[in-house]
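structure-v8.cif follows (mmCIF, C-alpha atoms):
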```cif
data_start
#
loop_
_atom_site.label_atom_id
_atom_site.label_comp_id
_atom_site.auth_asym_id
_atom_site.auth_seq_id
_atom_site.Cartn_x
_atom_site.Cartn_y
_atom_site.Cartn_z
CA MET A 1 42.39 -13.39 -19.21
CA ARG A 2 46.14 -12.94 -19.28
CA GLY A 3 46.62 -16.43 -20.62
CA ARG A 4 44.10 -15.92 -23.38
CA GLU A 5 45.62 -12.63 -24.43
CA ASP A 6 49.13 -14.08 -24.45
CA GLU A 7 47.83 -16.86 -26.63
CA TRP A 8 46.40 -14.30 -29.06
CA THR A 9 49.73 -12.47 -29.21
CA GLY A 10 51.50 -15.75 -29.93
CA LEU A 11 49.04 -16.67 -32.67
CA MET A 12 49.37 -13.25 -34.27
CA ARG A 13 53.16 -13.52 -34.26
CA SER A 14 52.88 -16.87 -36.02
CA ALA A 15 50.36 -15.42 -38.45
CA MET A 16 52.64 -12.54 -39.34
CA ALA A 17 55.44 -15.05 -39.86
CA GLY A 18 53.31 -16.73 -42.51
CA ASP A 19 51.26 -19.30 -40.59
CA ASP A 20 47.82 -19.02 -42.21
CA ALA A 21 46.28 -21.67 -39.94
CA ALA A 22 47.35 -19.74 -36.83
CA TYR A 23 45.76 -16.64 -38.32
CA HIS A 24 42.53 -18.52 -38.99
CA ARG A 25 42.50 -19.80 -35.39
CA LEU A 26 43.18 -16.33 -34.01
CA LEU A 27 40.32 -14.73 -35.94
CA LYS A 28 37.96 -17.54 -34.86
CA ALA A 29 39.05 -16.99 -31.26
CA VAL A 30 38.56 -13.23 -31.19
CA ALA A 31 35.23 -13.12 -33.08
CA PRO A 32 33.04 -14.17 -30.09
CA VAL A 33 34.80 -11.68 -27.83
CA LEU A 34 34.26 -8.91 -30.38
CA ARG A 35 30.64 -9.98 -30.80
CA ALA A 36 29.96 -9.77 -27.05
CA ALA A 37 31.62 -6.36 -26.86
CA ALA A 38 29.69 -5.05 -29.87
CA ARG A 39 26.42 -6.22 -28.31
CA ARG A 40 27.28 -4.47 -25.05
CA GLY A 41 28.13 -1.28 -26.91
CA LEU A 42 24.91 -1.39 -28.93
CA ALA A 43 22.85 -2.07 -25.82
CA ARG A 44 24.44 0.86 -24.03
CA ALA A 45 23.57 3.13 -26.95
CA GLY A 46 19.99 1.84 -26.92
CA GLN A 47 20.40 0.02 -30.23
CA PRO A 48 19.10 -3.46 -31.06
CA PRO A 49 21.86 -6.07 -30.77
CA ASP A 50 21.12 -7.57 -34.17
CA GLN A 51 23.59 -5.15 -35.80
CA ALA A 52 26.44 -6.59 -33.80
CA GLU A 53 27.48 -8.98 -36.55
CA ASP A 54 27.95 -6.16 -39.06
CA ILE A 55 30.25 -4.45 -36.59
CA VAL A 56 32.18 -7.67 -35.92
CA GLN A 57 32.77 -8.13 -39.65
CA GLU A 58 33.89 -4.54 -40.06
CA ILE A 59 36.34 -4.96 -37.17
CA LEU A 60 37.72 -8.18 -38.66
CA LEU A 61 38.23 -6.54 -42.04
CA ALA A 62 40.02 -3.59 -40.44
CA VAL A 63 42.17 -5.93 -38.34
CA HIS A 64 43.12 -7.78 -41.50
CA LEU A 65 43.93 -4.75 -43.65
CA LYS A 66 45.76 -2.86 -40.89
CA ARG A 67 47.69 -5.72 -39.33
CA HIS A 68 50.97 -4.18 -40.52
CA THR A 69 50.39 -1.45 -37.88
CA TRP A 70 50.62 -4.05 -35.11
CA ASP A 71 54.00 -4.02 -33.41
CA SER A 72 54.99 -7.66 -32.91
CA GLU A 73 56.74 -6.71 -29.67
CA ALA A 74 53.47 -5.34 -28.25
CA PRO A 75 50.54 -7.35 -26.85
CA PHE A 76 47.81 -8.04 -29.41
CA ALA A 77 44.69 -7.38 -27.31
CA PRO A 78 45.06 -3.59 -26.78
CA TRP A 79 45.65 -3.16 -30.51
CA LEU A 80 42.62 -5.31 -31.35
CA PHE A 81 40.34 -3.56 -28.86
CA ALA A 82 41.42 -0.12 -30.11
CA ILE A 83 40.25 -1.08 -33.58
CA GLY A 84 37.07 -2.56 -32.11
CA ARG A 85 36.29 0.62 -30.21
CA ASN A 86 36.96 2.73 -33.29
CA LYS A 87 34.61 0.64 -35.46
CA LEU A 88 31.88 0.56 -32.82
CA ILE A 89 31.98 4.34 -32.46
CA ASP A 90 31.88 4.68 -36.26
CA ALA A 91 28.91 2.36 -36.52
CA LEU A 92 26.97 4.19 -33.80
CA ARG A 93 27.75 7.52 -35.42
CA ARG A 94 26.50 6.31 -38.76
CA ARG A 95 23.25 5.39 -37.10
CA GLY A 96 23.00 8.91 -35.78
CA ARG A 97 23.57 7.96 -32.17
CA ARG A 98 25.24 10.29 -29.78
CA VAL A 99 28.45 8.60 -28.82
CA PHE A 100 29.81 8.87 -25.33
CA VAL A 101 33.55 8.92 -25.53
CA ASN A 102 34.21 6.50 -22.72
CA ILE A 103 33.24 3.24 -24.31
CA ASP A 104 34.86 0.51 -22.26
CA ASP A 105 33.01 -2.37 -23.82
CA PHE A 106 36.18 -3.65 -25.40
CA ALA A 107 38.44 -3.09 -22.44
CA GLU A 108 36.56 -5.30 -20.03
CA THR A 109 35.82 -8.47 -21.92
CA LEU A 110 34.48 -11.05 -19.55
CA PRO A 111 36.02 -14.49 -19.59
CA GLY A 112 33.84 -17.45 -20.36
CA GLU A 113 31.03 -15.43 -21.83
CA ALA A 114 28.37 -17.62 -23.40
CA PRO A 115 29.10 -17.74 -27.12
CA GLN A 116 26.29 -16.29 -29.17
CA ASP A 117 25.21 -17.65 -32.47
CA THR A 118 26.57 -16.07 -35.58
CA ALA A 119 23.76 -13.73 -36.43
CA SER A 120 23.11 -12.72 -39.98
CA ALA A 121 25.15 -9.80 -41.21
CA GLY A 122 23.61 -7.88 -44.04
CA GLU A 123 26.10 -5.18 -44.84
CA VAL A 124 29.07 -7.17 -46.10
CA ALA A 125 26.75 -9.36 -48.15
CA ALA A 126 25.05 -6.29 -49.65
CA GLN A 127 28.35 -4.59 -50.54
CA LEU A 128 29.67 -7.84 -52.00
CA GLY A 129 27.11 -7.43 -54.76
CA THR A 130 28.62 -4.11 -55.83
CA LEU A 131 32.13 -5.47 -56.39
CA PRO A 132 33.51 -6.15 -59.88
CA GLN A 133 32.55 -9.60 -61.17
CA ARG A 134 36.05 -11.10 -60.83
CA GLN A 135 36.50 -10.10 -57.19
CA ARG A 136 33.00 -11.24 -56.35
CA ASP A 137 33.54 -14.65 -57.96
CA VAL A 138 36.83 -15.14 -56.12
CA LEU A 139 35.37 -14.12 -52.75
CA GLN A 140 32.31 -16.27 -53.33
CA SER A 141 34.49 -19.26 -54.15
CA ILE A 142 36.94 -18.89 -51.25
CA ALA A 143 34.61 -17.62 -48.53
CA VAL A 144 31.30 -19.25 -49.24
CA GLU A 145 32.30 -22.41 -51.09
CA ALA A 146 35.45 -22.87 -49.00
CA ALA A 147 37.58 -23.56 -52.07
CA SER A 148 41.36 -23.19 -51.91
CA ILE A 149 43.23 -20.57 -53.92
CA LYS A 150 44.39 -23.35 -56.24
CA ASP A 151 40.91 -24.77 -56.83
CA THR A 152 39.50 -21.29 -57.31
CA ALA A 153 42.15 -20.56 -59.91
CA ALA A 154 41.31 -23.76 -61.80
CA ARG A 155 37.58 -23.19 -61.61
CA LEU A 156 37.71 -19.57 -62.80
CA SER A 157 40.56 -20.24 -65.28
CA MET A 158 42.76 -17.66 -63.64
CA SER A 159 46.34 -17.89 -62.43
CA GLU A 160 46.83 -18.36 -58.69
CA GLY A 161 48.54 -14.97 -58.56
CA ALA A 162 45.51 -13.33 -60.18
CA VAL A 163 43.22 -15.04 -57.65
CA ARG A 164 45.34 -13.71 -54.78
CA VAL A 165 45.27 -10.19 -56.21
CA ALA A 166 41.51 -10.30 -56.79
CA LEU A 167 40.96 -11.64 -53.26
CA HIS A 168 43.00 -8.88 -51.65
CA ARG A 169 41.49 -6.14 -53.80
CA GLY A 170 38.01 -7.46 -53.09
CA LEU A 171 38.57 -7.36 -49.32
CA ALA A 172 40.06 -3.86 -49.53
CA ALA A 173 37.16 -2.65 -51.68
CA LEU A 174 34.61 -4.15 -49.30
CA THR A 175 36.22 -2.35 -46.38
CA ALA A 176 36.21 0.97 -48.21
CA LYS A 177 32.55 0.57 -49.19
CA LEU A 178 31.53 -0.30 -45.63
CA ARG A 179 33.41 2.72 -44.30
CA ASP A 180 32.01 5.21 -46.77
CA HIS A 181 28.46 4.04 -47.31
CA MET B 1 28.31 -13.89 -46.00
CA ASP B 2 28.50 -15.07 -42.40
CA THR B 3 31.43 -14.32 -40.15
CA ASP B 4 33.04 -17.75 -40.44
CA GLN B 5 33.06 -17.38 -44.20
CA LEU B 6 34.57 -13.92 -43.96
CA ILE B 7 37.27 -15.25 -41.62
CA ARG B 8 38.06 -17.99 -44.14
CA SER B 9 38.65 -15.41 -46.86
CA LEU B 10 40.81 -13.27 -44.55
CA ALA B 11 42.97 -16.27 -43.65
CA ALA B 12 43.35 -17.07 -47.35
CA ASP B 13 44.65 -13.52 -47.86
CA ASN B 14 47.18 -13.79 -45.01
CA PRO B 15 50.18 -14.21 -47.38
CA HIS B 16 49.53 -10.67 -48.64
CA ARG B 17 52.07 -8.43 -46.96
CA ALA B 18 51.69 -4.66 -46.74
CA PRO B 19 54.71 -2.39 -46.25
CA ARG B 20 55.15 -0.53 -42.95
CA VAL B 21 53.56 2.91 -42.62
CA GLY B 22 57.01 4.50 -42.26
CA ALA B 23 58.10 3.10 -45.62
CA VAL B 24 54.97 4.35 -47.40
CA LEU B 25 55.20 7.77 -45.73
CA SER B 26 58.87 8.16 -46.71
CA MET B 27 58.15 7.18 -50.31
CA ALA B 28 55.18 9.55 -50.52
CA LEU B 29 57.22 12.47 -49.13
CA LEU B 30 60.07 11.68 -51.55
CA VAL B 31 57.62 11.72 -54.46
CA ALA B 32 56.06 15.01 -53.30
CA ALA B 33 59.33 16.78 -52.49
CA PRO B 34 60.36 17.52 -56.11
CA LEU B 35 57.07 19.37 -56.62
CA SER B 36 57.70 21.57 -53.60
CA ILE B 37 61.30 22.13 -54.68
CA LEU B 38 60.07 23.06 -58.15
CA ILE B 39 57.78 25.70 -56.63
CA PHE B 40 60.73 26.89 -54.57
CA VAL B 41 63.21 27.31 -57.46
CA THR B 42 60.58 28.73 -59.81
CA PHE B 43 59.12 31.41 -57.56
CA PHE B 44 61.52 31.91 -54.67
CA GLY B 45 65.06 30.54 -54.85
CA VAL B 46 67.91 30.84 -52.39
CA ARG B 47 68.58 34.40 -51.23
CA ALA B 48 71.45 36.18 -53.01
CA ASP B 49 73.54 36.83 -49.89
CA VAL B 50 73.40 33.25 -48.65
CA MET B 51 77.17 32.97 -48.18
CA SER B 52 77.36 35.87 -45.74
CA ALA B 53 74.01 34.95 -44.17
CA MET B 54 75.44 31.59 -43.13
CA ARG B 55 77.73 33.41 -40.73
CA ASN B 56 74.69 34.82 -38.95
CA PRO B 57 73.61 32.43 -36.17
CA PHE B 58 70.00 33.62 -36.47
CA PHE B 59 69.97 32.49 -40.10
CA ASP B 60 71.14 29.02 -39.05
CA MET B 61 68.69 29.05 -36.18
CA LYS B 62 65.77 29.15 -38.64
CA PHE B 63 66.75 25.73 -39.98
CA ALA B 64 67.15 24.34 -36.49
CA VAL B 65 63.62 25.54 -35.70
CA THR B 66 61.95 24.26 -38.87
CA LEU B 67 63.69 20.88 -38.75
CA SER B 68 62.92 20.52 -35.05
CA LEU B 69 59.30 20.81 -36.12
CA ALA B 70 59.42 18.54 -39.19
CA ILE B 71 61.40 15.61 -37.77
CA PRO B 72 59.52 15.21 -34.46
CA ALA B 73 56.24 15.65 -36.39
CA ILE B 74 57.21 12.70 -38.61
CA ILE B 75 58.04 10.60 -35.54
CA VAL B 76 54.79 11.49 -33.75
CA SER B 77 52.67 10.96 -36.88
CA LEU B 78 54.11 7.46 -37.29
CA HIS B 79 53.43 6.72 -33.64
CA LEU B 80 49.82 7.89 -34.03
CA SER B 81 49.32 5.71 -37.11
CA ARG B 82 48.86 2.76 -34.73
CA PRO B 83 45.27 2.33 -33.57
CA GLU B 84 46.03 2.04 -29.86
CA ALA B 85 48.52 4.93 -29.73
CA LEU B 86 47.93 8.04 -27.64
CA LEU B 87 49.51 11.47 -27.98
CA ARG B 88 50.30 11.39 -24.27
CA GLY B 89 54.01 10.94 -23.65
CA TRP B 90 54.85 12.00 -27.22
CA GLY B 91 53.32 15.47 -27.48
CA TRP B 92 56.29 17.15 -25.80
CA LEU B 93 58.37 16.38 -28.90
CA LEU B 94 56.26 18.94 -30.73
CA LEU B 95 57.31 21.62 -28.23
CA LEU B 96 60.97 21.40 -29.33
CA PRO B 97 60.68 24.19 -31.95
CA VAL B 98 58.80 26.35 -29.43
CA GLY B 99 61.63 25.94 -26.91
CA LEU B 100 64.27 26.69 -29.54
CA LEU B 101 62.42 29.82 -30.62
CA ALA B 102 62.09 31.01 -27.03
CA VAL B 103 65.85 30.63 -26.55
CA ALA B 104 66.52 32.45 -29.83
CA ILE B 105 64.18 35.32 -28.97
CA GLY B 106 65.83 35.59 -25.56
CA SER B 107 69.34 35.76 -27.02
CA GLU B 108 68.32 38.30 -29.61
CA ALA B 109 66.76 40.46 -26.90
CA MET B 110 70.08 40.48 -25.05
CA MET B 111 71.98 41.77 -28.04
CA ALA B 112 72.10 45.39 -29.17
CA PRO B 113 69.14 45.64 -31.54
CA ALA B 114 70.17 46.03 -35.18
CA MET B 115 66.66 47.12 -36.07
CA PRO B 116 63.65 48.35 -34.14
CA MET B 117 61.50 45.55 -32.79
CA THR B 118 58.50 46.29 -34.99
CA MET B 119 60.72 46.04 -38.08
CA ARG B 120 62.15 42.73 -36.94
CA LEU B 121 58.67 41.46 -36.22
CA VAL B 122 56.97 42.56 -39.42
CA GLY B 123 60.06 42.20 -41.63
CA LYS B 124 59.99 42.64 -45.38
CA ASN B 125 58.59 39.27 -46.30
CA SER B 126 55.62 38.60 -44.08
CA ARG B 127 53.20 38.37 -46.97
CA VAL B 128 55.53 36.23 -49.09
CA CYS B 129 56.05 33.98 -46.09
CA MET B 130 52.32 33.46 -45.63
CA VAL B 131 51.99 32.42 -49.28
CA ALA B 132 55.26 30.56 -49.83
CA ILE B 133 55.13 28.17 -46.89
CA PRO B 134 51.55 26.96 -47.54
CA ALA B 135 52.17 26.74 -51.30
CA MET B 136 55.28 24.61 -50.90
CA ALA B 137 53.64 22.63 -48.12
CA LEU B 138 50.63 21.54 -50.17
CA PRO B 139 52.34 18.82 -52.28
CA LEU B 140 54.10 17.54 -49.15
CA LEU B 141 50.81 17.61 -47.25
CA ALA B 142 49.17 15.50 -49.95
CA GLY B 143 52.11 13.09 -49.72
CA ALA B 144 51.99 12.91 -45.93
CA LEU B 145 48.23 12.27 -45.95
CA PHE B 146 48.67 9.57 -48.58
CA GLY B 147 51.35 7.92 -46.47
CA LEU B 148 49.35 8.10 -43.24
CA ARG B 149 46.29 6.62 -44.97
CA HIS B 150 48.25 3.41 -44.83
CA GLY B 151 48.05 3.58 -41.03
CA ALA B 152 45.10 3.31 -38.66
CA PRO B 153 44.98 6.46 -36.52
CA SER B 154 42.37 6.58 -33.77
CA SER B 155 41.88 10.30 -34.38
CA PRO B 156 41.91 11.13 -38.11
CA ALA B 157 41.81 14.89 -37.48
CA LEU B 158 44.79 14.76 -35.14
CA ALA B 159 46.75 12.59 -37.57
CA GLY B 160 45.85 15.07 -40.33
CA ALA B 161 47.09 17.94 -38.19
CA LEU B 162 50.38 16.07 -37.74
CA ALA B 163 50.61 15.66 -41.52
CA GLY B 164 50.16 19.44 -41.69
CA LEU B 165 53.01 19.99 -39.22
CA VAL B 166 55.29 17.64 -41.18
CA SER B 167 54.64 19.40 -44.47
CA ALA B 168 54.77 22.92 -43.02
CA GLY B 169 58.04 22.12 -41.24
CA LEU B 170 59.63 20.84 -44.45
CA ALA B 171 58.25 23.71 -46.54
CA ALA B 172 59.47 26.24 -43.97
CA THR B 173 62.94 24.68 -44.16
CA LEU B 174 63.00 25.46 -47.89
CA TYR B 175 61.56 28.91 -47.35
CA ALA B 176 64.10 29.76 -44.64
CA SER B 177 66.86 29.76 -47.26
CA HIS B 178 64.93 32.30 -49.35
CA CYS B 179 63.74 34.70 -46.69
CA THR B 180 66.01 37.57 -45.64
CA ASP B 181 64.22 38.09 -42.35
CA ASP B 182 66.29 36.21 -39.80
CA SER B 183 64.91 37.65 -36.58
CA PRO B 184 63.45 34.93 -34.31
CA LEU B 185 60.56 37.34 -33.73
CA PHE B 186 59.72 37.18 -37.42
CA VAL B 187 60.00 33.39 -37.44
CA ALA B 188 57.87 33.07 -34.29
CA THR B 189 55.15 35.20 -35.82
CA TRP B 190 54.90 34.47 -39.52
CA TYR B 191 56.26 30.93 -39.77
CA THR B 192 53.91 30.02 -36.94
CA LEU B 193 50.90 31.59 -38.65
CA ALA B 194 51.70 29.84 -41.93
CA THR B 195 52.23 26.55 -40.09
CA ALA B 196 48.92 26.95 -38.26
CA LEU B 197 47.15 27.46 -41.57
CA VAL B 198 48.66 24.31 -43.10
CA THR B 199 47.95 22.36 -39.91
CA ALA B 200 44.30 23.41 -39.99
CA ILE B 201 44.02 22.29 -43.62
CA GLY B 202 45.67 19.00 -42.68
CA ALA B 203 43.25 18.42 -39.81
CA ALA B 204 40.21 19.23 -41.96
CA VAL B 205 41.27 16.96 -44.83
CA GLY B 206 42.61 14.31 -42.47
CA SER B 207 39.32 13.98 -40.63
CA ARG B 208 37.84 12.84 -43.94
CA VAL B 209 40.59 10.83 -45.60
CA LEU B 210 42.37 9.23 -42.63
CA ARG B 211 39.43 7.18 -41.38
CA TYR B 212 40.19 3.53 -41.77
#
```

Kindly present the structure from the file in structure tokens form.
Amino acid sequence: MRGREDEWTGLMRSAMAGDDAAYHRLLKAVAPVLRAAARRGLARAGQPPDQAEDIVQEILLAVHLKRHTWDSEAPFAPWLFAIGRNKLIDALRRRGRRVFVNIDDFAETLPGEAPQDTASAGEVAAQLGTLPQRQRDVLQSIAVEAASIKDTAARLSMSEGAVRVALHRGLAALTAKLRDH
Amino acid sequence: MDTDQLIRSLAADNPHRAPRVGAVLSMALLVAAPLSILIFVTFFGVRADVMSAMRNPFFDMKFAVTLSLAIPAIIVSLHLSRPEALLRGWGWLLLLPVGLLAVAIGSEAMMAPAMPMTMRLVGKNSRVCMVAIPAMALPLLAGALFGLRHGAPSSPALAGALAGLVSAGLAATLYASHCTDDSPLFVATWYTLATALVTAIGAAVGSRVLRY
């Protein structure tokens, strides 16, 4: 546990220093842990676990857009789990569930939990369709088709700077839509 | 979009760097401040006898009280803009103006009263005070909320209340130079009521706009 969380903190420090690969590895590493916690939280609230993936994606988006609030001197896990708890509570509230304040699903993540398959997540995909064309094209290219910023710029005849701006705005808009819908 | 795809797009956006919450909050307050100052010079202005008032320790005390609200409120609101932060261990900072006021009321009580207590309490400006502080606080409140939106507070209502305390503290600092009521009893009553009003507005708006 300790070792894993120290590793996360190290990866996040590298990510903040500009190491995109470390950031990618970190997000891949935390996603299964978030997924297990979201499933536990849903189960406790008497909700089907198939909504867990939507919650995981919302947490990841919030982590990404709020990473400047992480203090690089502090451990990463408590910060991550605070966001996770917040998003889980939000999701349960939206579904009209009574939320019991003491949700510890994120505090007690079990080591070596069997990784679950990536379930389908409908909400991000649905909101993606409401974005402006440019942002949607850029997200589609980078996320789904796994193209680089450079290739995306060439394909859409945009500058790389414009691709970066559209990517960031698209992610921010997605997050806002998920929060307010 | 499955989660691996989402993660890929987040990693591609990693070079994007957002400023710290403190930087955004400072900028937002600096942008809002001229509006509040404009309201101040247009409708209120510095009291005419300011030069002699400055020799009155109770006049100076008003600024100590209002700034001991505004500055700790800024510090606590920045602390609470982190998702894992708790008020515990930081809340006592917000009691500084209360302590200062208690000391001031105590020292005034020990002096020969210049005016009857009811006059010191009600003063001449209680109604102006209740309008002026909220009016000058509103632009600053909007600025503080805008700045804190950049953070990720676990309790949006609490963070909004802190934004209210920040803006009321700053607005009260302006107002203190206008108001001719210097009695700590007046400050404890009317400044507190006006601050409570702004704080309630901040909490109500914050609970909507500070969700992240």

Could you write out as number ranges by chain the residues of chain B within 9 Å of chain A, counting all atoms listed in the file?
B: 1-21, 81-85, 150-152, 154, 211-212

Atom pair CA of Leu100 in chain B + CA of Leu185 in chain B, distance 12.0 Å

TODO: I would like the residues chosen by the PyMOL selection byres ((chain B and resi 103) around 12) on the shown file; could you give them as an MDAnalysis selection string?
DONE: chainID B and resid 58 61 64:65 96:102 104:110 184:185 188

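One finds CA of Leu197 in chain B at 18.0 Å from CA of Ser77 in chain B.
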
query = Could you name the residues that touch Ala176 in chain B at 8 Å or less, counting only C-alpha atoms, but leaving out those on the same chain fewer than 2 positions away, as a count of residues only?
reply = 8

Might you spell out which residues the PyMOL selection byres ((chain B and resi 94) around 12) would select in the displayed file, as an mmCIF file with C-alpha atoms, in the coordinates of the input?
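So the final result, stored in part.cif, reads:
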```cif
data_model
loop_
_atom_site.group_PDB
_atom_site.id
_atom_site.type_symbol
_atom_site.label_atom_id
_atom_site.label_comp_id
_atom_site.auth_asym_id
_atom_site.auth_seq_id
_atom_site.Cartn_x
_atom_site.Cartn_y
_atom_site.Cartn_z
ATOM 1 C CA VAL B 65 63.620 25.540 -35.700
ATOM 2 C CA THR B 66 61.950 24.260 -38.870
ATOM 3 C CA LEU B 67 63.690 20.880 -38.750
ATOM 4 C CA SER B 68 62.920 20.520 -35.050
ATOM 5 C CA LEU B 69 59.300 20.810 -36.120
ATOM 6 C CA ALA B 70 59.420 18.540 -39.190
ATOM 7 C CA ILE B 71 61.400 15.610 -37.770
ATOM 8 C CA PRO B 72 59.520 15.210 -34.460
ATOM 9 C CA ALA B 73 56.240 15.650 -36.390
ATOM 10 C CA ILE B 74 57.210 12.700 -38.610
ATOM 11 C CA ILE B 75 58.040 10.600 -35.540
ATOM 12 C CA VAL B 76 54.790 11.490 -33.750
ATOM 13 C CA SER B 77 52.670 10.960 -36.880
ATOM 14 C CA LEU B 87 49.510 11.470 -27.980
ATOM 15 C CA ARG B 88 50.300 11.390 -24.270
ATOM 16 C CA GLY B 89 54.010 10.940 -23.650
ATOM 17 C CA TRP B 90 54.850 12.000 -27.220
ATOM 18 C CA GLY B 91 53.320 15.470 -27.480
ATOM 19 C CA TRP B 92 56.290 17.150 -25.800
ATOM 20 C CA LEU B 93 58.370 16.380 -28.900
ATOM 21 C CA LEU B 95 57.310 21.620 -28.230
ATOM 22 C CA LEU B 96 60.970 21.400 -29.330
ATOM 23 C CA PRO B 97 60.680 24.190 -31.950
ATOM 24 C CA VAL B 98 58.800 26.350 -29.430
ATOM 25 C CA GLY B 99 61.630 25.940 -26.910
ATOM 26 C CA LEU B 100 64.270 26.690 -29.540
ATOM 27 C CA ALA B 161 47.090 17.940 -38.190
ATOM 28 C CA LEU B 162 50.380 16.070 -37.740
ATOM 29 C CA LEU B 165 53.010 19.990 -39.220
ATOM 30 C CA VAL B 166 55.290 17.640 -41.180
ATOM 31 C CA GLY B 169 58.040 22.120 -41.240
#
```

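Atom pair CA of Met117 in chain B / CA of Pro57 in chain B: separated by 18.2 Å.
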
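With the shown file loaded, the PyMOL selection byres ((chain B and resi 138-144) around 8) picks out Leu25, Ala28, Leu29, Val31, Ala32, Ala33, Leu35, Ser36, Pro134, Ala135, Met136, Ala137, Leu145, Phe146, Gly147, Leu148, Ala163, Gly164, Val166, Ser167, Ala168, Leu170, Ala171, Val198 and Gly202 of chain B.
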
If you count all atoms listed in the file, which residues fall within 12 Å of Thr130 in chain A, apart from same-chain ones fewer than 3 positions away, as number ranges by chain? A: 123-127, 133-137, 170, 173-174, 176-178, 181

Among A:Gly41, A:Gly3, A:Pro132, A:Pro75, Ile89 in chain A is approached most closely, using all atoms listed in the file, by A:Gly41

What's around Trp8 in chain A at 8 Å? Count all atoms listed in the file, leave out sequence neighbours fewer than 2 positions away in its own chain, and write the answer as a ChimeraX atom specification. /A:4-6,10-12,26,76-77
